[in-house]
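Enquirer: Input entry-v6.cif, format and content: mmCIF, C-alpha atoms.
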data_structure
#
loop_
_atom_site.label_atom_id
_atom_site.label_comp_id
_atom_site.auth_asym_id
_atom_site.auth_seq_id
_atom_site.Cartn_x
_atom_site.Cartn_y
_atom_site.Cartn_z
CA MET A 7 4.88 16.76 26.77
CA ASP A 8 8.09 14.94 25.79
CA ARG A 9 8.07 13.22 22.43
CA LEU A 10 8.04 9.45 22.48
CA PRO A 11 11.13 7.70 21.13
CA LEU A 12 10.91 5.35 18.18
CA PRO A 13 9.47 2.04 19.44
CA LEU A 14 12.48 -0.11 18.50
CA GLU A 15 15.17 2.14 19.96
CA GLY A 16 17.72 -0.09 21.67
CA ILE A 17 16.86 -3.18 19.60
CA THR A 18 19.72 -4.70 17.60
CA VAL A 19 19.03 -6.82 14.53
CA VAL A 20 21.57 -8.98 12.70
CA ALA A 21 20.50 -10.07 9.22
CA VAL A 22 22.12 -12.50 6.82
CA GLU A 23 19.88 -11.45 3.97
CA GLN A 24 19.59 -11.00 0.25
CA ALA A 25 17.12 -9.99 -2.48
CA VAL A 26 13.84 -8.48 -1.14
CA ALA A 27 11.93 -10.55 1.43
CA ALA A 28 14.33 -10.32 4.38
CA PRO A 29 15.84 -6.91 3.49
CA PHE A 30 12.39 -5.30 3.22
CA ALA A 31 11.40 -6.79 6.59
CA THR A 32 14.51 -5.51 8.34
CA ARG A 33 14.21 -2.09 6.71
CA GLN A 34 10.88 -1.70 8.47
CA LEU A 35 12.65 -2.47 11.76
CA ALA A 36 15.36 0.08 10.97
CA ASP A 37 12.76 2.74 10.15
CA LEU A 38 11.23 2.19 13.61
CA GLY A 39 14.54 2.76 15.35
CA ALA A 40 16.28 -0.63 15.43
CA ARG A 41 19.97 -0.94 14.70
CA VAL A 42 20.21 -3.32 11.73
CA ILE A 43 23.53 -4.99 10.89
CA LYS A 44 23.42 -6.40 7.38
CA VAL A 45 25.83 -9.26 6.70
CA GLU A 46 26.80 -9.45 3.02
CA ARG A 47 29.02 -11.59 0.85
CA THR A 48 32.52 -10.28 0.21
CA ASP A 49 32.20 -10.92 -3.55
CA GLY A 50 29.64 -8.28 -4.49
CA GLY A 51 27.40 -8.39 -1.45
CA ASP A 52 23.65 -8.79 -1.57
CA PHE A 53 22.98 -9.77 -5.17
CA ALA A 54 20.16 -7.21 -5.30
CA ARG A 55 22.93 -4.61 -5.52
CA GLY A 56 23.34 -5.73 -9.13
CA TYR A 57 19.72 -5.87 -10.29
CA ASP A 58 19.88 -2.53 -12.13
CA THR A 59 21.53 0.89 -12.01
CA ALA A 60 18.37 3.01 -12.16
CA ALA A 61 18.88 4.92 -8.88
CA ARG A 62 21.72 7.15 -10.09
CA GLY A 63 23.91 4.11 -10.56
CA LEU A 64 22.57 2.08 -7.62
CA ALA A 65 20.01 -0.71 -7.87
CA SER A 66 16.47 0.49 -7.22
CA HIS A 67 15.56 -2.67 -5.27
CA PHE A 68 18.57 -2.23 -3.01
CA VAL A 69 17.91 1.46 -2.35
CA TRP A 70 14.29 0.67 -1.50
CA CYS A 71 15.01 -2.18 0.93
CA ASN A 72 18.27 -1.27 2.66
CA ARG A 73 18.33 2.25 3.99
CA GLY A 74 19.32 2.75 7.60
CA LYS A 75 21.52 -0.36 7.87
CA GLU A 76 25.16 -1.05 8.66
CA SER A 77 26.91 -3.27 6.11
CA ILE A 78 29.58 -5.80 7.04
CA ALA A 79 31.05 -8.00 4.30
CA LEU A 80 32.12 -11.48 5.46
CA ASP A 81 32.85 -14.89 3.98
CA LEU A 82 30.67 -17.19 6.10
CA LYS A 83 32.27 -20.30 4.57
CA ASP A 84 35.40 -19.38 6.50
CA PRO A 85 35.13 -20.22 10.22
CA ARG A 86 36.55 -16.82 11.11
CA GLY A 87 33.80 -15.02 9.22
CA LEU A 88 31.15 -17.21 10.79
CA ASP A 89 32.66 -16.53 14.22
CA VAL A 90 32.20 -12.79 13.69
CA VAL A 91 28.50 -13.33 12.94
CA ARG A 92 28.13 -15.49 16.05
CA ARG A 93 29.68 -12.72 18.15
CA LEU A 94 27.31 -10.16 16.66
CA ILE A 95 24.31 -12.43 17.33
CA ALA A 96 25.37 -12.90 20.96
CA ASP A 97 24.59 -9.23 21.61
CA ALA A 98 21.54 -9.00 19.31
CA ASP A 99 17.81 -9.07 20.00
CA VAL A 100 16.74 -10.28 16.56
CA PHE A 101 18.32 -12.40 13.84
CA VAL A 102 16.83 -12.68 10.32
CA GLN A 103 17.95 -14.88 7.45
CA ASN A 104 16.61 -15.86 4.04
CA LEU A 105 19.43 -18.03 2.72
CA ALA A 106 18.77 -20.90 0.32
CA HIS A 107 17.15 -23.99 1.82
CA GLY A 108 19.52 -25.81 4.16
CA ALA A 109 22.27 -23.17 4.08
CA ALA A 110 21.42 -21.61 7.44
CA SER A 111 21.24 -25.03 9.13
CA ARG A 112 24.64 -26.01 7.75
CA LEU A 113 26.07 -22.81 9.24
CA GLY A 114 24.23 -23.23 12.54
CA LEU A 115 22.29 -20.04 11.83
CA ASP A 116 18.78 -21.53 11.66
CA ALA A 117 16.26 -20.16 14.13
CA ALA A 118 15.91 -23.34 16.20
CA THR A 119 19.66 -23.66 16.78
CA LEU A 120 20.16 -20.00 17.61
CA CYS A 121 17.18 -19.77 19.96
CA ALA A 122 18.37 -22.85 21.85
CA ALA A 123 21.70 -21.10 22.44
CA HIS A 124 20.21 -17.63 23.08
CA PRO A 125 16.81 -17.89 24.82
CA ARG A 126 16.07 -14.15 24.55
CA LEU A 127 16.81 -14.01 20.83
CA VAL A 128 14.02 -13.68 18.26
CA ALA A 129 15.27 -15.59 15.21
CA VAL A 130 13.47 -15.48 11.88
CA ASP A 131 13.72 -17.99 9.05
CA ILE A 132 12.23 -16.72 5.78
CA SER A 133 11.93 -19.33 3.05
CA GLY A 134 10.14 -19.89 -0.21
CA TYR A 135 8.01 -22.87 0.76
CA GLY A 136 8.77 -23.66 4.41
CA ALA A 137 11.26 -25.98 6.10
CA SER A 138 9.39 -29.21 5.37
CA GLY A 139 7.22 -30.74 2.67
CA PRO A 140 7.96 -31.72 -0.93
CA TYR A 141 8.67 -28.14 -2.03
CA ALA A 142 11.06 -27.28 0.83
CA GLY A 143 14.16 -27.44 -1.35
CA LYS A 144 12.63 -25.85 -4.43
CA ARG A 145 14.08 -22.55 -5.63
CA ALA A 146 11.68 -19.75 -4.83
CA TYR A 147 11.87 -16.41 -6.63
CA ASP A 148 9.04 -13.95 -6.46
CA MET A 149 7.38 -14.57 -9.83
CA LEU A 150 7.66 -18.35 -9.38
CA VAL A 151 5.83 -18.11 -6.07
CA GLN A 152 3.23 -15.79 -7.59
CA CYS A 153 2.50 -18.63 -10.01
CA GLU A 154 2.48 -21.37 -7.36
CA ALA A 155 0.21 -19.30 -5.09
CA GLY A 156 -2.34 -18.70 -7.85
CA LEU A 157 -1.94 -14.92 -7.90
CA VAL A 158 -1.15 -14.95 -11.61
CA SER A 159 -4.31 -16.99 -12.29
CA VAL A 160 -6.56 -14.20 -11.00
CA THR A 161 -4.59 -11.25 -12.37
CA GLY A 162 -4.85 -10.06 -15.95
CA THR A 163 -7.44 -10.24 -18.69
CA PRO A 164 -9.74 -13.11 -19.64
CA GLU A 165 -7.27 -14.00 -22.39
CA GLN A 166 -3.97 -13.52 -20.56
CA PRO A 167 -2.88 -14.11 -16.94
CA VAL A 168 -0.17 -11.71 -15.78
CA LYS A 169 2.12 -11.34 -12.80
CA ALA A 170 1.73 -8.48 -10.35
CA GLY A 171 3.87 -5.47 -11.24
CA ILE A 172 5.54 -5.55 -7.81
CA PRO A 173 7.26 -8.46 -6.01
CA ALA A 174 4.10 -9.42 -4.17
CA ALA A 175 5.37 -12.72 -2.74
CA ASP A 176 8.52 -11.07 -1.39
CA ILE A 177 6.56 -8.19 0.11
CA ALA A 178 3.98 -10.50 1.69
CA ALA A 179 6.70 -12.59 3.35
CA ALA A 180 8.54 -9.45 4.45
CA MET A 181 5.53 -7.93 6.14
CA TYR A 182 4.66 -11.15 8.00
CA ALA A 183 8.30 -11.44 9.10
CA PHE A 184 8.16 -7.82 10.30
CA SER A 185 4.94 -8.31 12.23
CA GLY A 186 6.19 -11.68 13.52
CA VAL A 187 9.26 -9.99 14.99
CA LEU A 188 7.12 -7.35 16.67
CA ALA A 189 4.80 -10.01 18.13
CA ALA A 190 7.75 -12.07 19.38
CA LEU A 191 9.33 -9.01 21.00
CA VAL A 192 6.05 -8.29 22.80
CA ARG A 193 5.97 -11.89 24.03
CA ARG A 194 9.58 -11.61 25.15
CA GLY A 195 8.60 -8.56 27.16
CA THR A 196 6.15 -10.66 29.18
CA THR A 197 7.95 -14.04 29.28
CA GLY A 198 11.63 -13.12 28.94
CA ARG A 199 12.01 -15.53 26.03
CA GLY A 200 12.31 -14.81 22.34
CA GLY A 201 11.91 -17.80 20.06
CA PRO A 202 11.82 -18.80 16.41
CA VAL A 203 9.65 -17.14 13.77
CA GLU A 204 9.03 -18.95 10.49
CA VAL A 205 7.60 -17.31 7.38
CA SER A 206 7.30 -18.76 3.89
CA MET A 207 6.60 -16.78 0.74
CA LEU A 208 4.00 -19.30 -0.45
CA GLU A 209 2.03 -19.27 2.80
CA ALA A 210 2.21 -15.47 3.07
CA LEU A 211 0.93 -14.95 -0.46
CA ALA A 212 -1.69 -17.69 -0.09
CA GLU A 213 -3.11 -15.68 2.82
CA TRP A 214 -3.30 -12.63 0.58
CA LEU A 215 -5.26 -14.72 -1.92
CA GLY A 216 -7.97 -15.13 0.73
CA HIS A 217 -10.89 -13.67 -1.21
CA PRO A 218 -10.45 -15.61 -4.47
CA LEU A 219 -9.44 -18.71 -2.50
CA HIS A 220 -12.62 -18.69 -0.39
CA HIS A 221 -14.64 -17.84 -3.49
CA THR A 222 -13.22 -20.94 -5.17
CA VAL A 223 -13.19 -23.38 -2.24
CA HIS A 224 -16.68 -22.53 -1.04
CA GLY A 225 -18.31 -21.29 -4.22
CA GLY A 226 -16.92 -23.90 -6.56
CA THR A 227 -15.43 -21.64 -9.22
CA PRO A 228 -12.57 -19.13 -9.19
CA PRO A 229 -13.30 -15.45 -9.93
CA GLU A 230 -12.80 -14.57 -13.57
CA ARG A 231 -9.86 -12.43 -14.67
CA THR A 232 -11.36 -9.11 -15.64
CA GLY A 233 -8.44 -6.75 -16.18
CA LEU A 234 -9.09 -3.53 -14.27
CA ALA A 235 -12.74 -4.45 -13.75
CA HIS A 236 -13.92 -6.03 -10.52
CA ALA A 237 -14.91 -9.66 -10.92
CA VAL A 238 -18.17 -9.47 -8.92
CA ILE A 239 -19.10 -5.75 -8.83
CA ALA A 240 -20.29 -3.55 -11.73
CA PRO A 241 -19.61 -0.87 -12.65
CA TYR A 242 -16.12 -1.04 -11.13
CA ASP A 243 -13.60 -0.34 -13.88
CA ALA A 244 -11.49 2.31 -15.60
CA TYR A 245 -13.03 4.34 -18.41
CA PRO A 246 -11.36 6.65 -20.96
CA THR A 247 -12.10 10.37 -20.91
CA ALA A 248 -12.19 12.95 -23.68
CA ASP A 249 -8.66 14.24 -22.98
CA GLY A 250 -6.95 10.84 -23.13
CA GLY A 251 -7.07 10.21 -19.38
CA ARG A 252 -8.65 7.27 -17.61
CA VAL A 253 -10.92 7.41 -14.59
CA LEU A 254 -11.74 4.46 -12.39
CA LEU A 255 -15.02 4.39 -10.51
CA SER A 256 -16.65 1.97 -8.11
CA VAL A 257 -20.37 1.57 -7.43
CA GLN A 258 -20.68 -0.36 -4.18
CA ASN A 259 -24.47 -0.49 -3.78
CA ASP A 260 -27.68 0.18 -5.68
CA ARG A 261 -28.22 3.62 -4.11
CA GLU A 262 -24.94 4.72 -5.63
CA TRP A 263 -26.00 3.29 -8.98
CA ARG A 264 -29.15 5.41 -8.91
CA ARG A 265 -27.10 8.53 -8.21
CA LEU A 266 -24.65 7.65 -11.00
CA ALA A 267 -27.52 7.09 -13.44
CA GLU A 268 -29.13 10.41 -12.58
CA GLN A 269 -26.20 12.75 -12.02
CA VAL A 270 -23.48 11.42 -14.34
CA ILE A 271 -25.02 9.21 -17.02
CA GLY A 272 -28.03 11.50 -17.24
CA GLN A 273 -30.57 8.65 -17.47
CA PRO A 274 -32.32 8.39 -14.10
CA GLU A 275 -34.61 5.65 -15.40
CA LEU A 276 -31.64 3.26 -15.33
CA GLY A 277 -31.84 3.35 -11.55
CA VAL A 278 -35.03 1.31 -11.60
CA ASP A 279 -34.59 -0.61 -14.85
CA PRO A 280 -34.57 -4.33 -13.89
CA ALA A 281 -31.61 -4.90 -16.21
CA PHE A 282 -29.44 -2.54 -14.10
CA ALA A 283 -31.17 -1.85 -10.78
CA THR A 284 -29.20 -4.44 -8.79
CA ASN A 285 -25.52 -5.35 -8.76
CA ALA A 286 -26.34 -8.91 -9.79
CA ALA A 287 -28.20 -7.60 -12.81
CA ARG A 288 -25.40 -5.19 -13.71
CA VAL A 289 -22.82 -7.98 -13.55
CA VAL A 290 -24.96 -10.13 -15.87
CA ASN A 291 -25.27 -7.12 -18.19
CA ARG A 292 -21.71 -5.91 -17.64
CA ALA A 293 -21.02 -5.04 -21.28
CA ARG A 294 -24.09 -2.81 -21.55
CA THR A 295 -23.43 -1.29 -18.10
CA ASP A 296 -19.86 -0.43 -19.08
CA GLU A 297 -21.07 1.01 -22.38
CA LEU A 298 -23.48 3.36 -20.59
CA VAL A 299 -20.85 4.55 -18.13
CA GLY A 300 -18.13 4.73 -20.77
CA THR A 301 -20.24 6.84 -23.12
CA ALA A 302 -20.98 9.35 -20.37
CA LEU A 303 -17.35 9.70 -19.26
CA LYS A 304 -15.96 9.80 -22.80
CA ALA A 305 -17.71 13.11 -23.29
CA LEU A 306 -15.88 14.66 -20.32
CA GLY A 307 -12.30 15.56 -19.52
CA ALA A 308 -10.74 13.65 -16.66
CA ASP A 309 -10.97 16.57 -14.22
CA GLU A 310 -14.63 17.20 -15.02
CA ALA A 311 -15.45 13.49 -14.84
CA LEU A 312 -13.86 13.22 -11.40
CA ALA A 313 -15.66 16.35 -10.22
CA ARG A 314 -19.04 15.01 -11.32
CA LEU A 315 -18.42 11.64 -9.73
CA GLU A 316 -17.32 13.25 -6.49
CA ALA A 317 -20.40 15.50 -6.48
CA ALA A 318 -22.58 12.41 -6.93
CA GLY A 319 -20.84 10.64 -4.05
CA ILE A 320 -19.28 7.97 -6.28
CA ALA A 321 -15.88 6.58 -5.30
CA CYS A 322 -13.41 7.36 -8.06
CA ALA A 323 -9.73 7.72 -8.88
CA ARG A 324 -7.43 8.90 -11.64
CA LEU A 325 -5.42 6.14 -13.29
CA ARG A 326 -1.88 7.42 -12.70
CA ASP A 327 1.52 6.27 -13.87
CA LEU A 328 4.58 6.23 -11.61
CA HIS A 329 5.72 9.72 -12.62
CA GLU A 330 2.30 10.95 -11.51
CA LEU A 331 2.59 9.01 -8.26
CA ALA A 332 5.93 10.68 -7.58
CA GLY A 333 4.19 14.05 -7.98
CA HIS A 334 0.94 13.04 -6.26
CA PRO A 335 -0.63 16.09 -4.62
CA GLN A 336 -1.71 14.10 -1.55
CA LEU A 337 1.82 12.91 -0.85
CA ALA A 338 3.08 16.46 -1.33
CA ALA A 339 0.42 17.97 0.92
CA ARG A 340 1.22 15.49 3.68
CA GLU A 341 4.96 16.08 3.24
CA ARG A 342 5.75 12.38 2.78
CA TRP A 343 8.97 12.81 0.79
CA ARG A 344 12.42 12.91 2.42
CA GLU A 345 16.00 12.50 1.28
CA VAL A 346 18.27 9.67 2.37
CA GLY A 347 22.01 9.50 1.98
CA SER A 348 23.72 6.94 -0.25
CA PRO A 349 27.09 6.28 -1.85
CA VAL A 350 25.94 8.40 -4.82
CA GLY A 351 24.51 11.26 -2.76
CA PRO A 352 20.99 12.11 -1.56
CA LEU A 353 18.07 10.12 -2.96
CA ARG A 354 14.35 10.84 -2.59
CA ALA A 355 12.40 8.32 -0.53
CA LEU A 356 8.94 8.13 0.97
CA LEU A 357 8.37 8.10 4.70
CA PRO A 358 7.20 4.62 5.78
CA PRO A 359 3.41 4.34 6.02
CA ILE A 360 3.44 3.65 9.77
CA THR A 361 3.06 7.08 11.35
CA LEU A 362 3.35 7.44 15.13
CA PRO A 363 1.99 10.88 16.06
CA GLY A 364 3.57 12.37 19.14
CA GLY A 365 6.80 10.49 18.60
CA ASP A 366 10.01 10.85 16.68
CA GLU A 367 9.79 10.64 12.93
CA ALA A 368 10.85 7.38 11.31
CA ARG A 369 14.60 6.99 11.10
CA MET A 370 15.47 6.99 7.42
CA GLY A 371 19.17 6.30 7.49
CA ASP A 372 21.65 6.10 4.65
CA VAL A 373 21.84 3.33 2.07
CA PRO A 374 25.17 1.66 2.90
CA ALA A 375 28.03 0.89 0.58
CA LEU A 376 29.17 -2.74 0.62
CA GLY A 377 31.27 -3.29 3.75
CA GLN A 378 30.99 0.35 4.79
CA HIS A 379 30.82 -0.62 8.47
CA THR A 380 33.03 -3.73 8.42
CA GLU A 381 35.94 -2.25 10.34
CA ALA A 382 33.81 -0.62 13.05
CA LEU A 383 31.79 -3.79 13.57
CA LEU A 384 34.87 -6.00 13.72
CA ARG A 385 36.28 -3.70 16.39
CA SER A 386 32.95 -3.80 18.25
CA VAL A 387 33.28 -7.58 18.71
CA GLY A 388 36.79 -7.20 20.14
CA MET A 389 39.04 -7.78 17.15
CA THR A 390 42.51 -6.29 17.13
CA ASP A 391 44.17 -4.42 14.29
CA ALA A 392 46.22 -7.51 13.46
CA GLU A 393 43.16 -9.77 13.37
CA ILE A 394 41.27 -7.34 11.15
CA ALA A 395 44.23 -7.04 8.81
CA ALA A 396 44.44 -10.83 8.57
CA LEU A 397 40.74 -11.14 7.73
CA ARG A 398 41.06 -8.54 4.99
CA ARG A 399 44.27 -10.09 3.65
CA ASP A 400 42.63 -13.51 3.40
CA GLY A 401 39.41 -12.19 1.82
CA VAL A 402 37.29 -13.20 4.85
CA ALA A 403 36.22 -9.59 5.40
CA ALA A 404 35.82 -6.70 2.97
#
Would you write out, as structure tokens, the structure that this file holds?
Expert:
Amino acid sequence: MDRLPLPLEGITVVAVEQAVAAPFATRQLADLGARVIKVERTDGGDFARGYDTAARGLASHFVWCNRGKESIALDLKDPRGLDVVRRLIADADVFVQNLAHGAASRLGLDAATLCAAHPRLVAVDISGYGASGPYAGKRAYDMLVQCEAGLVSVTGTPEQPVKAGIPAADIAAAMYAFSGVLAALVRRGTTGRGGPVEVSMLEALAEWLGHPLHHTVHGGTPPERTGLAHAVIAPYDAYPTADGGRVLLSVQNDREWRRLAEQVIGQPELGVDPAFATNAARVVNRARTDELVGTALKALGADEALARLEAAGIACARLRDLHELAGHPQLAARERWREVGSPVGPLRALLPPITLPGGDEARMGDVPALGQHTEALLRSVGMTDAEIAALRRDGVAA
């Protein structure tokens, strides 16, 4: 049987984007086969290009979020640069932007304006706090939104709230923008019309805070910060092992607790002891519960501890660092690593987590240099050699 093509083959996306939220959304579209044209500033491009130099001289954020795109560098404050973007949009299926509040509207690149002019276009506005309300004009960077959304209040230890170690607000907004585009394209397939898509970082992350939010709104109190421990389940934490490792385990019900008590802790009577027999009791007696589990695992190496937990049917994991993730045996066994091209040569990258068996593998294109595709894209919208030369001479294109 013939292999299925990538689902977004033939879809063209134009993105006036920067940082993480919009670029990560459009990278998902590129991975699934869409052509993504990334519009960047002429004076350095997407500012995420300058975040660090960890990826062999390139910024790790940029490498992560921008493979498989074509880069055109334009000055949108110049009418000629803006005209080029308008020409690109005229032939596009999707437009995505995450400019500062009000900037897209001033340029006529907001979703409502574009969809009125191009009924089949799906146009996405990604913002920090939404287009209206008292916070609409407030600057919104990832860690700021993590704080406003309450994520920091439920992450960390009892003594110290901490931010997530990844840009959770950016990623949340990106994934809702990605799924919003897919939903709008499906609707266009049945109605012939695209339409606006609006996503805010605050609203996206607030949705991800669903469990602690419902716990607080309906239960009256927020879950406590408990470090690696689970706030309402015990034992569910990481414990040190004899060889300096750490093993995390999770007991989800009282049957599992009885097996843990018998086969790992070596005290089967704990399975029926009223102080530990139920999850509610173990949470009340969390310190003693953790002491019992910790003592048992401290006598074992990490490999032996994991083997015993697995044999007892207890969910468990090794606490790994990022070097260990890069060498994870499961990722290796499933052949998830590939190489993508870049201005500094091949770079390792993971296949995207959406796998479509029976179809083409995700398209993991090169990470573009700033303005790498400017000339070809200017020619594609009908510009002559003289017009292109004038744009370059005047700094409107790079």
Enquirer: Evaluated on this file, the PyMOL selection byres ((chain A and resi 105-114) around 8) picks out some residues - which ones are they, written as a ChimeraX atom specification?
Expert: /A:22-24,82,88,103-104,115-116,119-120,132-133,137,142-145
Enquirer: For Leu255 (chain A), work out the shell of residues within 9 Å, counting only C-alpha atoms and skipping chain neighbours fewer than 3 positions away, then give it as an MDAnalysis selection string.
Expert: chainID A and resid 241:245 312 315 320:324
Enquirer: Name the closest residue to Gly171 (chain A) among the candidates A:Thr196, A:Cys71, A:Leu328, A:Val19; distances are taken between atoms, counting only C-alpha atoms.
Expert: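 Comparing A:Thr196, A:Cys71, A:Leu328, A:Val19 against Gly171 (chain A), the winner is A:Leu328.
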Enquirer: I'd like to see the residues matched by the PyMOL selection byres ((chain A and resi 204) around 7) on this file, and ideally I'd get them as a VMD selection string.
Expert: chain A and resid 130 to 132 202 to 203 205 to 206
Enquirer: Which residues match the PyMOL selection byres ((chain A and resi 381) around 12) in the file above, as a list in words?
Expert: Glu76, Ser77, Ile78, Ala79, Leu80, Val90, Leu376, Gly377, Gln378, His379, Thr380, Ala382, Leu383, Leu384, Arg385, Ser386, Val387, Gly388, Met389, Thr390, Asp391, Ala392, Glu393, Ile394, Ala395, Leu397, Arg398, Ala403 and Ala404 of chain A
Enquirer: Using all atoms listed in the file for the distances, tell me which of A:Arg33, A:Arg199, A:Arg399, A:His329 is nearest to Gly74 (chain A).
Expert: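 For Gly74 (chain A), the nearest of the given residues is A:Arg33.
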Enquirer: Please measure the separation of CA of Asp81 (chain A) and CA of Leu94 (chain A), giving the value in Å to one decimal.
Expert: 14.6 Å
Enquirer: Do you have the CA of Gln336 (chain A)-CA of Gln269 (chain A) distance handy?
Expert: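 Atom-to-atom, CA of Gln336 (chain A) to CA of Gln269 (chain A), that is 26.7 Å.
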Enquirer: Rank nothing, just name the residue among A:Ala318, A:Val253, A:Ala210, A:Ala54 nearest to Gly300 (chain A), using all atoms listed in the file.
Expert: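 Of all the options, A:Val253 lies closest to Gly300 (chain A).
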Enquirer: Out of A:Ile360, A:Val373, A:Ala237, A:Val151, which residue has the shortest atom-to-atom distance to Gly347 (chain A) when counting all atoms listed in the file?
Expert: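 Closest residue, counting all atoms listed in the file: A:Val373.
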Enquirer: Contacts of Ala174 (chain A) at 12 Å or less, counting all atoms listed in the file, minus same-chain residues fewer than 4 places along, as a tab-separated table (two decimals) with C-alpha atoms, in the coordinates of the input?
Expert:
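As written to disk, selection.tsv reads:
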chain	number	residue	atom	x	y	z
A	26	VAL	CA	13.84	-8.48	-1.14
A	27	ALA	CA	11.93	-10.55	1.43
A	30	PHE	CA	12.39	-5.30	3.22
A	147	TYR	CA	11.87	-16.41	-6.63
A	148	ASP	CA	9.04	-13.95	-6.46
A	149	MET	CA	7.38	-14.57	-9.83
A	150	LEU	CA	7.66	-18.35	-9.38
A	151	VAL	CA	5.83	-18.11	-6.07
A	152	GLN	CA	3.23	-15.79	-7.59
A	153	CYS	CA	2.50	-18.63	-10.01
A	155	ALA	CA	0.21	-19.30	-5.09
A	156	GLY	CA	-2.34	-18.70	-7.85
A	157	LEU	CA	-1.94	-14.92	-7.90
A	158	VAL	CA	-1.15	-14.95	-11.61
A	169	LYS	CA	2.12	-11.34	-12.80
A	170	ALA	CA	1.73	-8.48	-10.35
A	178	ALA	CA	3.98	-10.50	1.69
A	179	ALA	CA	6.70	-12.59	3.35
A	180	ALA	CA	8.54	-9.45	4.45
A	181	MET	CA	5.53	-7.93	6.14
A	207	MET	CA	6.60	-16.78	0.74
A	208	LEU	CA	4.00	-19.30	-0.45
A	210	ALA	CA	2.21	-15.47	3.07
A	211	LEU	CA	0.93	-14.95	-0.46
A	212	ALA	CA	-1.69	-17.69	-0.09
A	213	GLU	CA	-3.11	-15.68	2.82
A	214	TRP	CA	-3.30	-12.63	0.58
A	215	LEU	CA	-5.26	-14.72	-1.92
Enquirer: Can you work out the spacing between CA of Val346 (chain A) and CA of Asp8 (chain A) in Å, to one decimal?
Expert: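 These atoms are spaced 26.1 Å apart.
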Enquirer: A:Gly195, A:Ser348, A:Ala60, A:Leu362: which is nearest Ala375 (chain A), counting all atoms listed in the file?
Expert: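 Smallest distance to Ala375 (chain A) is found for A:Ser348.
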Enquirer: I'd like to know which of A:Phe53, A:Pro11, A:Ala28, A:Gly39 is closest to Met370 (chain A), using only C-alpha atoms.
Expert: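 Among A:Phe53, A:Pro11, A:Ala28, A:Gly39, it is A:Gly39 that comes nearest to Met370 (chain A).
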Enquirer: Tell me which protein, DNA and RNA residues are within 7 Å of Glu345 (chain A), counting only C-alpha atoms, leaving out same-chain ones fewer than 6 positions away, and put them as an mmCIF file with C-alpha atoms, in the coordinates of the input.
Expert:
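File written: part_4.cif
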data_model
loop_
_atom_site.group_PDB
_atom_site.id
_atom_site.type_symbol
_atom_site.label_atom_id
_atom_site.label_comp_id
_atom_site.auth_asym_id
_atom_site.auth_seq_id
_atom_site.Cartn_x
_atom_site.Cartn_y
_atom_site.Cartn_z
ATOM 1 C CA PRO A 352 20.990 12.110 -1.560
ATOM 2 C CA LEU A 353 18.070 10.120 -2.960
ATOM 3 C CA ARG A 354 14.350 10.840 -2.590
ATOM 4 C CA ALA A 355 12.400 8.320 -0.530
#
Enquirer: Neighbours of Leu357 (chain A) within 10 Å (all atoms listed in the file; same-chain residues fewer than 5 positions away dropped), as number ranges by chain?
Expert: A: 37, 337, 341-345, 367-370
Enquirer: The centre and edge lengths of an axis-aligned box containing all atoms of region 381-387 of chain A present in the file, extended by 4 Å on each side, are to be given in Å to one decimal, as lines of an AutoDock Vina configuration file.
Expert:
center_x = 34.0
center_y = -4.1
center_z = 14.5
size_x = 12.5
size_y = 15.0
size_z = 16.4
Enquirer: Near Pro229 (chain A), counting all atoms listed in the file, which residues have an atom at most 10 Å away, once you skip same-chain residues fewer than 2 positions from it, shown as an NGL selection string?
Expert: :A and (159-161 or 217-219 or 221-222 or 225-227 or 231-232 or 236-238)
